[in-house]
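**Student:** This is input.json (JSON, C-alpha atoms and all ligand atoms).
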[["chain", "number", "residue", "atom", "x", "y", "z"],
["A", 1228, "MET", "CA", 104.97, 104.02, 74.44],
["A", 1229, "THR", "CA", 104.47, 103.04, 78.10],
["A", 1230, "ALA", "CA", 107.77, 102.19, 79.81],
["A", 1231, "LEU", "CA", 108.04, 99.28, 82.23],
["A", 1232, "SER", "CA", 111.36, 98.38, 83.73],
["A", 1233, "GLY", "CA", 111.64, 95.22, 85.83],
["A", 1234, "ARG", "CA", 110.37, 91.66, 85.90],
["A", 1235, "ALA", "CA", 106.73, 90.94, 85.10],
["A", 1236, "VAL", "CA", 104.81, 87.73, 85.78],
["A", 1237, "VAL", "CA", 101.77, 87.04, 83.60],
["A", 1238, "ALA", "CA", 99.62, 84.24, 85.05],
["A", 1239, "GLY", "CA", 97.65, 82.68, 82.20],
["A", 1240, "GLY", "CA", 100.20, 84.17, 79.83],
["A", 1241, "ALA", "CA", 100.21, 81.21, 77.45],
["A", 1242, "SER", "CA", 97.06, 82.18, 75.53],
["A", 1243, "GLY", "CA", 94.60, 84.95, 74.62],
["A", 1244, "ILE", "CA", 94.61, 88.07, 76.78],
["A", 1245, "GLY", "CA", 97.56, 86.82, 78.86],
["A", 1246, "ALA", "CA", 99.67, 86.15, 75.76],
["A", 1247, "ALA", "CA", 98.87, 89.66, 74.45],
["A", 1248, "CYS", "CA", 99.94, 91.03, 77.85],
["A", 1249, "CYS", "CA", 103.27, 89.15, 77.56],
["A", 1250, "ARG", "CA", 103.90, 90.72, 74.12],
["A", 1251, "VAL", "CA", 102.92, 94.26, 75.15],
["A", 1252, "LEU", "CA", 104.87, 94.14, 78.44],
["A", 1253, "ALA", "CA", 107.96, 92.89, 76.60],
["A", 1254, "ARG", "CA", 107.61, 95.74, 74.08],
["A", 1255, "CYS", "CA", 107.38, 98.17, 77.04],
["A", 1256, "GLY", "CA", 110.76, 96.90, 78.30],
["A", 1257, "ALA", "CA", 109.73, 94.42, 81.02],
["A", 1258, "SER", "CA", 111.38, 91.04, 81.34],
["A", 1259, "VAL", "CA", 108.47, 88.58, 81.18],
["A", 1260, "VAL", "CA", 107.76, 85.34, 83.06],
["A", 1261, "VAL", "CA", 104.90, 83.31, 81.55],
["A", 1262, "LEU", "CA", 103.16, 81.43, 84.38],
["A", 1263, "ASP", "CA", 100.65, 78.89, 83.11],
["A", 1264, "ARG", "CA", 99.56, 75.26, 83.40],
["A", 1265, "HIS", "CA", 99.92, 74.65, 79.66],
["A", 1266, "ALA", "CA", 103.62, 73.86, 79.16],
["A", 1267, "GLN", "CA", 103.86, 73.87, 75.37],
["A", 1268, "ASN", "CA", 101.97, 77.16, 74.86],
["A", 1269, "ALA", "CA", 103.79, 78.83, 77.77],
["A", 1270, "GLU", "CA", 107.18, 77.90, 76.34],
["A", 1271, "ALA", "CA", 106.19, 79.15, 72.87],
["A", 1272, "ILE", "CA", 105.12, 82.58, 74.18],
["A", 1273, "ALA", "CA", 108.19, 82.78, 76.46],
["A", 1274, "ARG", "CA", 110.45, 82.08, 73.45],
["A", 1275, "GLU", "CA", 108.61, 84.71, 71.38],
["A", 1276, "VAL", "CA", 109.04, 87.47, 74.02],
["A", 1277, "GLY", "CA", 112.53, 86.42, 75.13],
["A", 1278, "GLY", "CA", 111.25, 85.50, 78.59],
["A", 1279, "GLU", "CA", 110.92, 82.35, 80.66],
["A", 1280, "ALA", "CA", 108.08, 79.90, 81.23],
["A", 1281, "VAL", "CA", 107.12, 78.57, 84.66],
["A", 1282, "LEU", "CA", 104.45, 75.91, 85.14],
["A", 1283, "ALA", "CA", 101.84, 76.20, 87.91],
["A", 1284, "ASP", "CA", 98.18, 75.61, 88.64],
["A", 1285, "VAL", "CA", 96.96, 78.94, 90.04],
["A", 1286, "GLY", "CA", 94.16, 77.23, 92.00],
["A", 1287, "ASP", "CA", 96.64, 75.13, 93.98],
["A", 1288, "GLU", "CA", 98.30, 76.98, 96.86],
["A", 1289, "ALA", "CA", 101.45, 74.82, 97.02],
["A", 1290, "SER", "CA", 101.93, 75.04, 93.25],
["A", 1291, "VAL", "CA", 101.62, 78.86, 93.19],
["A", 1292, "ARG", "CA", 103.83, 79.39, 96.24],
["A", 1293, "ASP", "CA", 106.50, 77.08, 94.84],
["A", 1294, "ALA", "CA", 106.41, 78.90, 91.47],
["A", 1295, "ALA", "CA", 106.60, 82.31, 93.18],
["A", 1296, "GLN", "CA", 109.62, 81.24, 95.25],
["A", 1297, "ARG", "CA", 111.42, 79.88, 92.18],
["A", 1298, "ILE", "CA", 110.71, 83.05, 90.20],
["A", 1299, "GLU", "CA", 111.71, 85.40, 93.06],
["A", 1300, "ARG", "CA", 115.03, 83.51, 93.49],
["A", 1301, "ASN", "CA", 116.02, 84.81, 90.04],
["A", 1302, "GLY", "CA", 115.19, 88.42, 90.93],
["A", 1303, "PRO", "CA", 112.37, 90.56, 92.34],
["A", 1304, "VAL", "CA", 109.03, 90.71, 90.56],
["A", 1305, "ALA", "CA", 107.85, 94.29, 89.95],
["A", 1306, "PHE", "CA", 104.64, 93.58, 88.03],
["A", 1307, "LEU", "CA", 101.95, 90.90, 88.07],
["A", 1308, "ILE", "CA", 98.99, 90.32, 85.74],
["A", 1309, "ASN", "CA", 96.45, 87.63, 86.69],
["A", 1310, "SER", "CA", 94.81, 86.45, 83.48],
["A", 1311, "ALA", "CA", 94.54, 82.69, 84.16],
["A", 1312, "GLY", "CA", 90.91, 81.71, 83.95],
["A", 1313, "ILE", "CA", 88.27, 79.44, 82.49],
["A", 1314, "ILE", "CA", 84.82, 80.35, 81.16],
["A", 1315, "GLN", "CA", 81.47, 78.55, 81.37],
["A", 1316, "ARG", "CA", 78.42, 77.66, 79.30],
["A", 1317, "PRO", "CA", 75.34, 79.90, 79.78],
["A", 1318, "VAL", "CA", 73.10, 77.31, 81.47],
["A", 1319, "PRO", "CA", 70.48, 77.45, 84.25],
["A", 1320, "PRO", "CA", 71.64, 76.31, 87.71],
["A", 1321, "GLU", "CA", 70.15, 72.83, 87.21],
["A", 1322, "GLY", "CA", 72.37, 72.45, 84.13],
["A", 1323, "LEU", "CA", 75.57, 73.45, 85.94],
["A", 1324, "PRO", "CA", 77.17, 70.51, 87.81],
["A", 1325, "LEU", "CA", 78.57, 71.63, 91.15],
["A", 1326, "ASP", "CA", 82.01, 70.22, 90.35],
["A", 1327, "ARG", "CA", 82.14, 72.58, 87.33],
["A", 1328, "TRP", "CA", 81.02, 75.46, 89.60],
["A", 1329, "ASP", "CA", 83.83, 74.54, 92.03],
["A", 1330, "ASP", "CA", 86.39, 74.40, 89.21],
["A", 1331, "ILE", "CA", 85.47, 77.89, 87.92],
["A", 1332, "VAL", "CA", 85.56, 79.41, 91.41],
["A", 1333, "ARG", "CA", 88.81, 77.55, 92.20],
["A", 1334, "ILE", "CA", 90.63, 78.93, 89.17],
["A", 1335, "ASP", "CA", 89.01, 82.32, 88.50],
["A", 1336, "GLN", "CA", 88.49, 83.50, 92.09],
["A", 1337, "ARG", "CA", 90.77, 81.44, 94.37],
["A", 1338, "GLY", "CA", 93.52, 81.39, 91.75],
["A", 1339, "THR", "CA", 93.51, 85.18, 91.46],
["A", 1340, "TYR", "CA", 93.67, 85.56, 95.24],
["A", 1341, "LEU", "CA", 96.42, 82.94, 95.69],
["A", 1342, "THR", "CA", 98.57, 84.47, 92.95],
["A", 1343, "CYS", "CA", 98.10, 88.00, 94.30],
["A", 1344, "VAL", "CA", 99.18, 86.84, 97.76],
["A", 1345, "ALA", "CA", 102.11, 84.70, 96.55],
["A", 1346, "PHE", "CA", 103.69, 87.66, 94.70],
["A", 1347, "GLY", "CA", 102.09, 90.63, 96.51],
["A", 1348, "GLU", "CA", 103.50, 89.79, 99.94],
["A", 1349, "ALA", "CA", 107.07, 90.07, 98.60],
["A", 1350, "MET", "CA", 106.16, 93.30, 96.77],
["A", 1351, "ALA", "CA", 104.75, 94.71, 100.03],
["A", 1352, "ARG", "CA", 107.96, 93.76, 101.91],
["A", 1353, "ARG", "CA", 109.98, 95.59, 99.23],
["A", 1354, "ARG", "CA", 107.44, 98.46, 99.27],
["A", 1355, "GLN", "CA", 107.15, 98.42, 95.51],
["A", 1356, "GLY", "CA", 104.98, 96.68, 92.95],
["A", 1357, "ALA", "CA", 101.86, 96.81, 90.79],
["A", 1358, "ILE", "CA", 99.23, 94.15, 90.07],
["A", 1359, "VAL", "CA", 96.40, 93.96, 87.53],
["A", 1360, "ASN", "CA", 93.68, 91.33, 87.90],
["A", 1361, "ILE", "CA", 91.61, 90.43, 84.86],
["A", 1362, "ALA", "CA", 87.95, 90.46, 85.94],
["A", 1363, "SER", "CA", 85.03, 90.78, 83.46],
["A", 1364, "VAL", "CA", 82.10, 93.03, 82.60],
["A", 1365, "VAL", "CA", 79.82, 90.16, 83.66],
["A", 1366, "GLY", "CA", 81.24, 90.61, 87.18],
["A", 1367, "MET", "CA", 79.46, 94.01, 87.06],
["A", 1368, "ARG", "CA", 76.09, 92.85, 85.66],
["A", 1369, "SER", "CA", 73.77, 89.87, 85.92],
["A", 1370, "ALA", "CA", 74.37, 87.10, 83.35],
["A", 1371, "PRO", "CA", 73.33, 83.43, 82.94],
["A", 1372, "LEU", "CA", 76.81, 82.45, 84.15],
["A", 1373, "HIS", "CA", 76.10, 81.33, 87.71],
["A", 1374, "ALA", "CA", 79.68, 80.45, 88.66],
["A", 1375, "TYR", "CA", 81.72, 82.71, 86.36],
["A", 1376, "ALA", "CA", 79.90, 86.03, 86.97],
["A", 1377, "PRO", "CA", 80.03, 85.79, 90.80],
["A", 1378, "ALA", "CA", 83.68, 84.65, 90.63],
["A", 1379, "LYS", "CA", 84.53, 87.74, 88.54],
["A", 1380, "ALA", "CA", 82.57, 90.01, 90.94],
["A", 1381, "ALA", "CA", 84.77, 88.50, 93.66],
["A", 1382, "VAL", "CA", 87.90, 89.35, 91.63],
["A", 1383, "ILE", "CA", 86.79, 93.01, 91.64],
["A", 1384, "ALA", "CA", 86.24, 92.84, 95.42],
["A", 1385, "ILE", "CA", 89.59, 91.07, 95.99],
["A", 1386, "THR", "CA", 91.26, 93.87, 94.00],
["A", 1387, "GLU", "CA", 89.68, 96.56, 96.19],
["A", 1388, "CYS", "CA", 90.54, 94.75, 99.46],
["A", 1389, "LEU", "CA", 94.18, 94.14, 98.51],
["A", 1390, "ALA", "CA", 94.58, 97.70, 97.17],
["A", 1391, "ALA", "CA", 93.60, 99.03, 100.61],
["A", 1392, "GLU", "CA", 95.74, 96.38, 102.37],
["A", 1393, "TRP", "CA", 98.95, 96.99, 100.42],
["A", 1394, "GLY", "CA", 98.55, 100.65, 99.36],
["A", 1395, "PRO", "CA", 100.32, 101.85, 102.54],
["A", 1396, "MET", "CA", 103.25, 99.60, 101.49],
["A", 1397, "GLY", "CA", 103.50, 101.14, 98.02],
["A", 1398, "VAL", "CA", 101.83, 98.31, 96.11],
["A", 1399, "ARG", "CA", 99.03, 99.21, 93.68],
["A", 1400, "VAL", "CA", 96.32, 96.68, 92.79],
["A", 1401, "ASN", "CA", 93.83, 97.32, 89.98],
["A", 1402, "ALA", "CA", 91.42, 95.30, 87.84],
["A", 1403, "VAL", "CA", 90.62, 95.40, 84.15],
["A", 1404, "SER", "CA", 87.19, 94.11, 83.11],
["A", 1405, "PRO", "CA", 87.24, 92.98, 79.49],
["A", 1406, "GLY", "CA", 84.14, 92.87, 77.36],
["A", 1407, "TYR", "CA", 83.86, 90.11, 74.77],
["A", 1408, "THR", "CA", 87.42, 89.67, 73.59],
["A", 1409, "ARG", "CA", 88.57, 87.72, 70.53],
["A", 1410, "THR", "CA", 90.61, 84.95, 72.21],
["A", 1411, "PRO", "CA", 90.80, 81.16, 71.83],
["A", 1412, "ALA", "CA", 88.44, 80.83, 74.84],
["A", 1413, "LEU", "CA", 85.75, 83.06, 73.27],
["A", 1414, "GLN", "CA", 86.28, 81.55, 69.82],
["A", 1415, "GLY", "CA", 85.77, 78.08, 71.34],
["A", 1416, "ALA", "CA", 82.46, 79.22, 72.87],
["A", 1417, "ILE", "CA", 81.38, 80.77, 69.53],
["A", 1418, "ASP", "CA", 82.31, 77.58, 67.65],
["A", 1419, "ALA", "CA", 80.35, 75.50, 70.19],
["A", 1420, "GLY", "CA", 77.25, 77.69, 69.61],
["A", 1421, "GLU", "CA", 77.41, 79.08, 73.18],
["A", 1422, "ARG", "CA", 77.99, 82.71, 72.11],
["A", 1423, "ASP", "CA", 76.58, 84.53, 69.04],
["A", 1424, "VAL", "CA", 78.99, 87.06, 67.48],
["A", 1425, "SER", "CA", 76.16, 89.12, 65.95],
["A", 1426, "LEU", "CA", 74.59, 89.55, 69.44],
["A", 1427, "LEU", "CA", 77.97, 90.36, 71.00],
["A", 1428, "THR", "CA", 78.62, 93.15, 68.48],
["A", 1429, "ARG", "CA", 74.98, 94.38, 68.41],
["A", 1430, "TYR", "CA", 75.39, 95.51, 72.04],
["A", 1431, "SER", "CA", 78.83, 97.06, 71.55],
["A", 1432, "ALA", "CA", 78.75, 100.88, 71.18],
["A", 1433, "LEU", "CA", 81.88, 100.66, 69.02],
["A", 1434, "GLY", "CA", 80.37, 97.86, 66.93],
["A", 1435, "ARG", "CA", 83.17, 95.36, 67.35],
["A", 1436, "LEU", "CA", 84.67, 92.76, 69.66],
["A", 1437, "VAL", "CA", 87.55, 93.77, 71.93],
["A", 1438, "GLU", "CA", 91.00, 92.61, 70.76],
["A", 1439, "PRO", "CA", 93.45, 91.04, 73.26],
["A", 1440, "ASP", "CA", 95.87, 93.88, 72.52],
["A", 1441, "ASP", "CA", 93.24, 96.45, 73.68],
["A", 1442, "ILE", "CA", 93.24, 94.76, 77.09],
["A", 1443, "ALA", "CA", 97.01, 94.37, 77.24],
["A", 1444, "ARG", "CA", 97.64, 98.08, 76.57],
["A", 1445, "ALA", "CA", 95.20, 99.05, 79.37],
["A", 1446, "CYS", "CA", 97.06, 96.64, 81.71],
["A", 1447, "ALA", "CA", 100.45, 98.14, 80.74],
["A", 1448, "PHE", "CA", 99.11, 101.63, 81.52],
["A", 1449, "LEU", "CA", 97.82, 100.55, 84.96],
["A", 1450, "LEU", "CA", 101.16, 98.90, 85.79],
["A", 1451, "SER", "CA", 103.16, 101.95, 84.69],
["A", 1452, "GLU", "CA", 104.18, 105.16, 86.45],
["A", 1453, "ASP", "CA", 101.53, 106.94, 84.35],
["A", 1454, "ALA", "CA", 99.03, 105.32, 86.75],
["A", 1455, "ALA", "CA", 101.09, 106.09, 89.90],
["A", 1456, "ALA", "CA", 98.05, 107.56, 91.72],
["A", 1457, "ILE", "CA", 95.59, 104.87, 90.61],
["A", 1458, "THR", "CA", 94.80, 101.91, 92.87],
["A", 1459, "GLY", "CA", 91.72, 99.81, 93.66],
["A", 1460, "ILE", "CA", 89.90, 100.65, 90.44],
["A", 1461, "ASN", "CA", 88.14, 98.35, 87.99],
["A", 1462, "LEU", "CA", 88.61, 99.61, 84.43],
["A", 1463, "PRO", "CA", 86.14, 98.23, 81.88],
["A", 1464, "VAL", "CA", 87.66, 97.74, 78.41],
["A", 1465, "ASP", "CA", 84.54, 96.62, 76.59],
["A", 1466, "CYS", "CA", 83.96, 98.68, 73.40],
["A", 1467, "GLY", "CA", 80.99, 100.20, 75.23],
["A", 1468, "TRP", "CA", 79.06, 97.00, 76.11],
["A", 1469, "LEU", "CA", 78.18, 98.27, 79.60],
["A", 1470, "VAL", "CA", 76.63, 101.48, 78.25],
["A", 1471, "SER", "CA", 74.75, 99.72, 75.45],
["A", 1472, "THR", "CA", 73.00, 96.69, 76.97],
["A", 1473, "SER", "CA", 70.32, 98.76, 78.79],
["A", 1474, "TRP", "CA", 69.31, 100.19, 75.38],
["A", 1475, "ALA", "CA", 67.79, 96.76, 74.61],
["A", 1476, "THR", "CA", 64.66, 98.02, 76.42],
["A", 1477, "TYR", "CA", 64.38, 100.72, 73.72],
["A", 1478, "GLY", "CA", 65.01, 98.38, 70.81],
["A", 1479, "GLY", "CA", 68.80, 98.49, 70.93],
["A", 1480, "LEU", "CA", 71.39, 100.96, 69.66],
["A", 1481, "ARG", "CA", 70.39, 103.20, 66.74],
["A", 1482, "GLN", "CA", 71.64, 101.90, 63.41],
["A", 1483, "ARG", "CA", 73.53, 104.69, 61.66],
["A", 1484, "ASN", "CA", 75.06, 104.44, 58.21],
["B", 1501, "LIG", "N1", 87.84, 86.40, 76.16],
["B", 1501, "LIG", "C1", 86.89, 87.12, 76.72],
["B", 1501, "LIG", "O1", 85.91, 87.52, 76.07],
["B", 1501, "LIG", "C2", 87.01, 87.50, 78.17],
["B", 1501, "LIG", "C3", 86.10, 88.46, 78.67],
["B", 1501, "LIG", "C4", 86.18, 88.84, 79.99],
["B", 1501, "LIG", "C5", 87.15, 88.28, 80.81],
["B", 1501, "LIG", "N2", 88.01, 87.36, 80.32],
["B", 1501, "LIG", "C6", 89.01, 86.80, 81.23],
["B", 1501, "LIG", "O2", 90.29, 87.00, 80.70],
["B", 1501, "LIG", "C7", 91.16, 85.97, 81.17],
["B", 1501, "LIG", "C8", 91.86, 85.33, 79.99],
["B", 1501, "LIG", "O3", 90.88, 84.75, 79.15],
["B", 1501, "LIG", "P1", 91.20, 84.34, 77.64],
["B", 1501, "LIG", "O4", 89.97, 84.58, 76.89],
["B", 1501, "LIG", "O5", 92.48, 84.94, 77.23],
["B", 1501, "LIG", "O6", 91.34, 82.75, 77.85],
["B", 1501, "LIG", "P2", 92.38, 81.70, 77.21],
["B", 1501, "LIG", "O7", 91.74, 80.37, 77.43],
["B", 1501, "LIG", "O8", 92.76, 82.08, 75.83],
["B", 1501, "LIG", "O9", 93.65, 81.84, 78.16],
["B", 1501, "LIG", "C9", 93.58, 81.46, 79.51],
["B", 1501, "LIG", "C10", 94.95, 80.95, 79.95],
["B", 1501, "LIG", "O10", 94.83, 80.61, 81.35],
["B", 1501, "LIG", "C11", 95.51, 79.36, 81.56],
["B", 1501, "LIG", "N3", 94.95, 78.69, 82.72],
["B", 1501, "LIG", "C12", 93.68, 78.22, 82.88],
["B", 1501, "LIG", "N4", 93.56, 77.64, 84.08],
["B", 1501, "LIG", "C13", 94.78, 77.72, 84.69],
["B", 1501, "LIG", "C14", 95.28, 77.28, 85.94],
["B", 1501, "LIG", "N5", 94.51, 76.61, 86.83],
["B", 1501, "LIG", "N6", 96.57, 77.57, 86.25],
["B", 1501, "LIG", "C15", 97.37, 78.22, 85.37],
["B", 1501, "LIG", "N7", 96.96, 78.63, 84.15],
["B", 1501, "LIG", "C16", 95.67, 78.39, 83.83],
["B", 1501, "LIG", "C17", 95.25, 78.57, 80.28],
["B", 1501, "LIG", "O11", 96.19, 77.52, 80.11],
["B", 1501, "LIG", "C18", 95.39, 79.67, 79.22],
["B", 1501, "LIG", "O12", 96.74, 79.78, 78.80],
["B", 1501, "LIG", "C19", 90.30, 85.00, 81.96],
["B", 1501, "LIG", "O13", 90.37, 85.31, 83.34],
["B", 1501, "LIG", "C20", 88.91, 85.30, 81.45],
["B", 1501, "LIG", "O14", 87.92, 84.99, 82.39],
["B", 1501, "LIG", "C21", 87.96, 86.95, 79.01]]
Since I need it in another form, could you write the structure as structure tokens?
Ligand SMILES: NC(=O)c1ccc[n+]([C@@H]2O[C@H](COP(=O)([O-])OP(=O)(O)OC[C@H]3O[C@@H](n4cnc5c(N)ncnc54)[C@H](O)[C@@H]3O)[C@@H](O)[C@H]2O)c1

**Tutor:**
Amino acid sequence: MTALSGRAVVAGGASGIGAACCRVLARCGASVVVLDRHAQNAEAIAREVGGEAVLADVGDEASVRDAAQRIERNGPVAFLINSAGIIQRPVPPEGLPLDRWDDIVRIDQRGTYLTCVAFGEAMARRRQGAIVNIASVVGMRSAPLHAYAPAKAAVIAITECLAAEWGPMGVRVNAVSPGYTRTPALQGAIDAGERDVSLLTRYSALGRLVEPDDIARACAFLLSEDAAAITGINLPVDCGWLVSTSWATYGGLRQRN
């Protein structure tokens, strides 16, 4: 198993991919801080992994900086995962109110940047640390998600910029781009009729949805010494969605029994 020694902050750790990251990081030996805006869920996950919960809104600079200072007062943070995010309905631009667009960009893009900076600056001063930002495969392709997809493309770009900025100071910054992952957020979209499971799996080479644990184990690898020479990459963990969607032009993947 991957070994991680030190304190790890998981932003968005109270649910879905973030909660899976909290569990996997704790199993790897890290001491976990669950940073989230949902108090009850954050405390439940923190209790489960023997860590602590800290409340913050990642899109609010003062809130993130205050949380980072409080967390750092109890000891240095070695690892950070940015998983806080919200998704959107697949609607044309005229169906997407600009305040919703602003909200998605504020949390998914600005929130990732603010959290990276709030914890990364201290890592850079200490010349040690590793960060993983959760982007998305739709940040690498076009999709009818006119706020979410560009915000996730920006997360990939933020990752590359900060990797170059802090690499000379010994801080690694990578991204993981999940495909469709079975979390409360995706389940909510499926239940609301905004995503169709049969379409999601039809364009998956491995024929299934991604599980939160699949993402968490990739994050643990990128944070660990096993990835000591890896920085600035974007690792898709998508059950082969990226390699399958272009086969739609040829009638889709072959059905094999
Ligand atoms: N589930 C998928 O299929 C999928 C695919 C690609 C990328 N992602 C990304 O993975 C990340 C996690 O998604 P998930 O599916 O686990 O969602 P989720 O809704 O299950 O969990 C998201 C967590 O982020 C927290 N959060 C939201 N806004 C916040 C804010 N402003 N400040 C602090 N915490 C906040 C929520 O309280 C929640 O605990 C997101 O960035 C999402 O865009 C998910």

**Student:** As a quick test: using all atoms listed in the file, which residues lie no more than 8 Å away from ligand LIG 1501 (chain B)? Give them as an MDAnalysis selection string.

**Tutor:** chainID A and resid 1238:1246 1262:1265 1268:1269 1282:1287 1309:1314 1333:1335 1338 1361:1365 1375 1379 1404:1413 1437 1439

**Student:** Quick one: residues within 10 Å of Arg1254 of chain A, all atoms listed in the file counted, chain neighbours fewer than 3 positions away excluded, as a list in words?

**Tutor:**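 Returned residues: Met1228, Thr1229, Ala1230, Leu1231, Cys1248, Cys1249, Arg1250, Val1251, Ala1257, Ser1258 and Val1276 of chain A.
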
**Student:** Which residues of segment 1300-1322 of chain A come within 10 Å of segment 1446-1457 of chain A, and what is each one's closest atom pair and distance in Å (one decimal), counting all atoms listed in the file, sorted by chain and residue number, as CSV?

**Tutor:**
residue,atom,partner,partner_atom,distance
A:Ala1305,CA,A:Leu1450,CA,9.1
A:Phe1306,CA,A:Leu1450,CA,6.7
A:Leu1307,CA,A:Leu1450,CA,8.4
A:Ile1308,CA,A:Cys1446,CA,7.7

**Student:** How far is it from atom CA of Cys1466 of chain A to atom CA of Pro1317 of chain A, in Å with one decimal?

**Tutor:**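 According to the coordinates, atom CA of Cys1466 of chain A and atom CA of Pro1317 of chain A are separated by 21.6 Å.
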
**Student:** Using all atoms listed in the file, which residues sit within 12 Å of Ile1385 of chain A once same-chain residues fewer than 2 positions away are excluded, as a CSV table (one decimal) with C-alpha atoms, in the coordinates of the input?

**Tutor:**
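This went into around27.csv:
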chain,number,residue,atom,x,y,z
A,1335,ASP,CA,89.0,82.3,88.5
A,1336,GLN,CA,88.5,83.5,92.1
A,1337,ARG,CA,90.8,81.4,94.4
A,1338,GLY,CA,93.5,81.4,91.8
A,1339,THR,CA,93.5,85.2,91.5
A,1340,TYR,CA,93.7,85.6,95.2
A,1341,LEU,CA,96.4,82.9,95.7
A,1342,THR,CA,98.6,84.5,93.0
A,1343,CYS,CA,98.1,88.0,94.3
A,1344,VAL,CA,99.2,86.8,97.8
A,1358,ILE,CA,99.2,94.2,90.1
A,1359,VAL,CA,96.4,94.0,87.5
A,1360,ASN,CA,93.7,91.3,87.9
A,1361,ILE,CA,91.6,90.4,84.9
A,1362,ALA,CA,88.0,90.5,85.9
A,1378,ALA,CA,83.7,84.6,90.6
A,1379,LYS,CA,84.5,87.7,88.5
A,1380,ALA,CA,82.6,90.0,90.9
A,1381,ALA,CA,84.8,88.5,93.7
A,1382,VAL,CA,87.9,89.4,91.6
A,1383,ILE,CA,86.8,93.0,91.6
A,1387,GLU,CA,89.7,96.6,96.2
A,1388,CYS,CA,90.5,94.8,99.5
A,1389,LEU,CA,94.2,94.1,98.5
A,1390,ALA,CA,94.6,97.7,97.2
A,1391,ALA,CA,93.6,99.0,100.6
A,1392,GLU,CA,95.7,96.4,102.4
A,1393,TRP,CA,99.0,97.0,100.4
A,1400,VAL,CA,96.3,96.7,92.8
A,1401,ASN,CA,93.8,97.3,90.0
A,1402,ALA,CA,91.4,95.3,87.8
A,1459,GLY,CA,91.7,99.8,93.7
A,1460,ILE,CA,89.9,100.6,90.4
A,1461,ASN,CA,88.1,98.4,88.0

**Student:** Residues within 10 Å of (106.5, 94.4, 99.2), file coordinates, counting all atoms listed in the file: what are they? Give the list as a ChimeraX atom specification.

**Tutor:** /A:1303-1305,1346-1357,1393,1396-1398

**Student:** Separation of atom CA of Glu1279 of chain A and atom CA of Val1261 of chain A, in Å?

**Tutor:**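 Interatomic distance here is 6.2 Å.
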
**Student:** How many Å separate atom CA of Gly1302 of chain A from atom CA of Ala1266 of chain A?

**Tutor:** 22.0 Å

**Student:** Counting all atoms listed in the file, find residues at most 9 Å from (73.7, 84.5, 81.8) (file frame) and give them as a PyMOL selection string.

**Tutor:** chain A and resi 1316-1319+1365+1369-1373+1376

**Student:** Include C-alpha atoms and write out the residues we just selected as an mmCIF file, in the frame of the given file.

**Tutor:**
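See result.cif below for the written result:
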data_model
loop_
_atom_site.group_PDB
_atom_site.id
_atom_site.type_symbol
_atom_site.label_atom_id
_atom_site.label_comp_id
_atom_site.auth_asym_id
_atom_site.auth_seq_id
_atom_site.Cartn_x
_atom_site.Cartn_y
_atom_site.Cartn_z
ATOM 1 C CA ARG A 1316 78.420 77.660 79.300
ATOM 2 C CA PRO A 1317 75.340 79.900 79.780
ATOM 3 C CA VAL A 1318 73.100 77.310 81.470
ATOM 4 C CA PRO A 1319 70.480 77.450 84.250
ATOM 5 C CA VAL A 1365 79.820 90.160 83.660
ATOM 6 C CA SER A 1369 73.770 89.870 85.920
ATOM 7 C CA ALA A 1370 74.370 87.100 83.350
ATOM 8 C CA PRO A 1371 73.330 83.430 82.940
ATOM 9 C CA LEU A 1372 76.810 82.450 84.150
ATOM 10 C CA HIS A 1373 76.100 81.330 87.710
ATOM 11 C CA ALA A 1376 79.900 86.030 86.970
#

**Student:** Do you know which residues are at most 12 Å from Arg1429 of chain A counting all atoms listed in the file, after dropping those on the same chain fewer than 2 positions away, and could you put them as an mmCIF file with C-alpha atoms, in the coordinates of the input?

**Tutor:**
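Output contents, as saved in part20.cif:
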data_model
loop_
_atom_site.group_PDB
_atom_site.id
_atom_site.type_symbol
_atom_site.label_atom_id
_atom_site.label_comp_id
_atom_site.auth_asym_id
_atom_site.auth_seq_id
_atom_site.Cartn_x
_atom_site.Cartn_y
_atom_site.Cartn_z
ATOM 1 C CA TYR A 1407 83.860 90.110 74.770
ATOM 2 C CA ASP A 1423 76.580 84.530 69.040
ATOM 3 C CA VAL A 1424 78.990 87.060 67.480
ATOM 4 C CA SER A 1425 76.160 89.120 65.950
ATOM 5 C CA LEU A 1426 74.590 89.550 69.440
ATOM 6 C CA LEU A 1427 77.970 90.360 71.000
ATOM 7 C CA SER A 1431 78.830 97.060 71.550
ATOM 8 C CA ALA A 1432 78.750 100.880 71.180
ATOM 9 C CA LEU A 1433 81.880 100.660 69.020
ATOM 10 C CA GLY A 1434 80.370 97.860 66.930
ATOM 11 C CA ARG A 1435 83.170 95.360 67.350
ATOM 12 C CA LEU A 1436 84.670 92.760 69.660
ATOM 13 C CA CYS A 1466 83.960 98.680 73.400
ATOM 14 C CA GLY A 1467 80.990 100.200 75.230
ATOM 15 C CA TRP A 1468 79.060 97.000 76.110
ATOM 16 C CA SER A 1471 74.750 99.720 75.450
ATOM 17 C CA THR A 1472 73.000 96.690 76.970
ATOM 18 C CA TRP A 1474 69.310 100.190 75.380
ATOM 19 C CA ALA A 1475 67.790 96.760 74.610
ATOM 20 C CA GLY A 1478 65.010 98.380 70.810
ATOM 21 C CA GLY A 1479 68.800 98.490 70.930
ATOM 22 C CA LEU A 1480 71.390 100.960 69.660
ATOM 23 C CA ARG A 1481 70.390 103.200 66.740
ATOM 24 C CA GLN A 1482 71.640 101.900 63.410
#
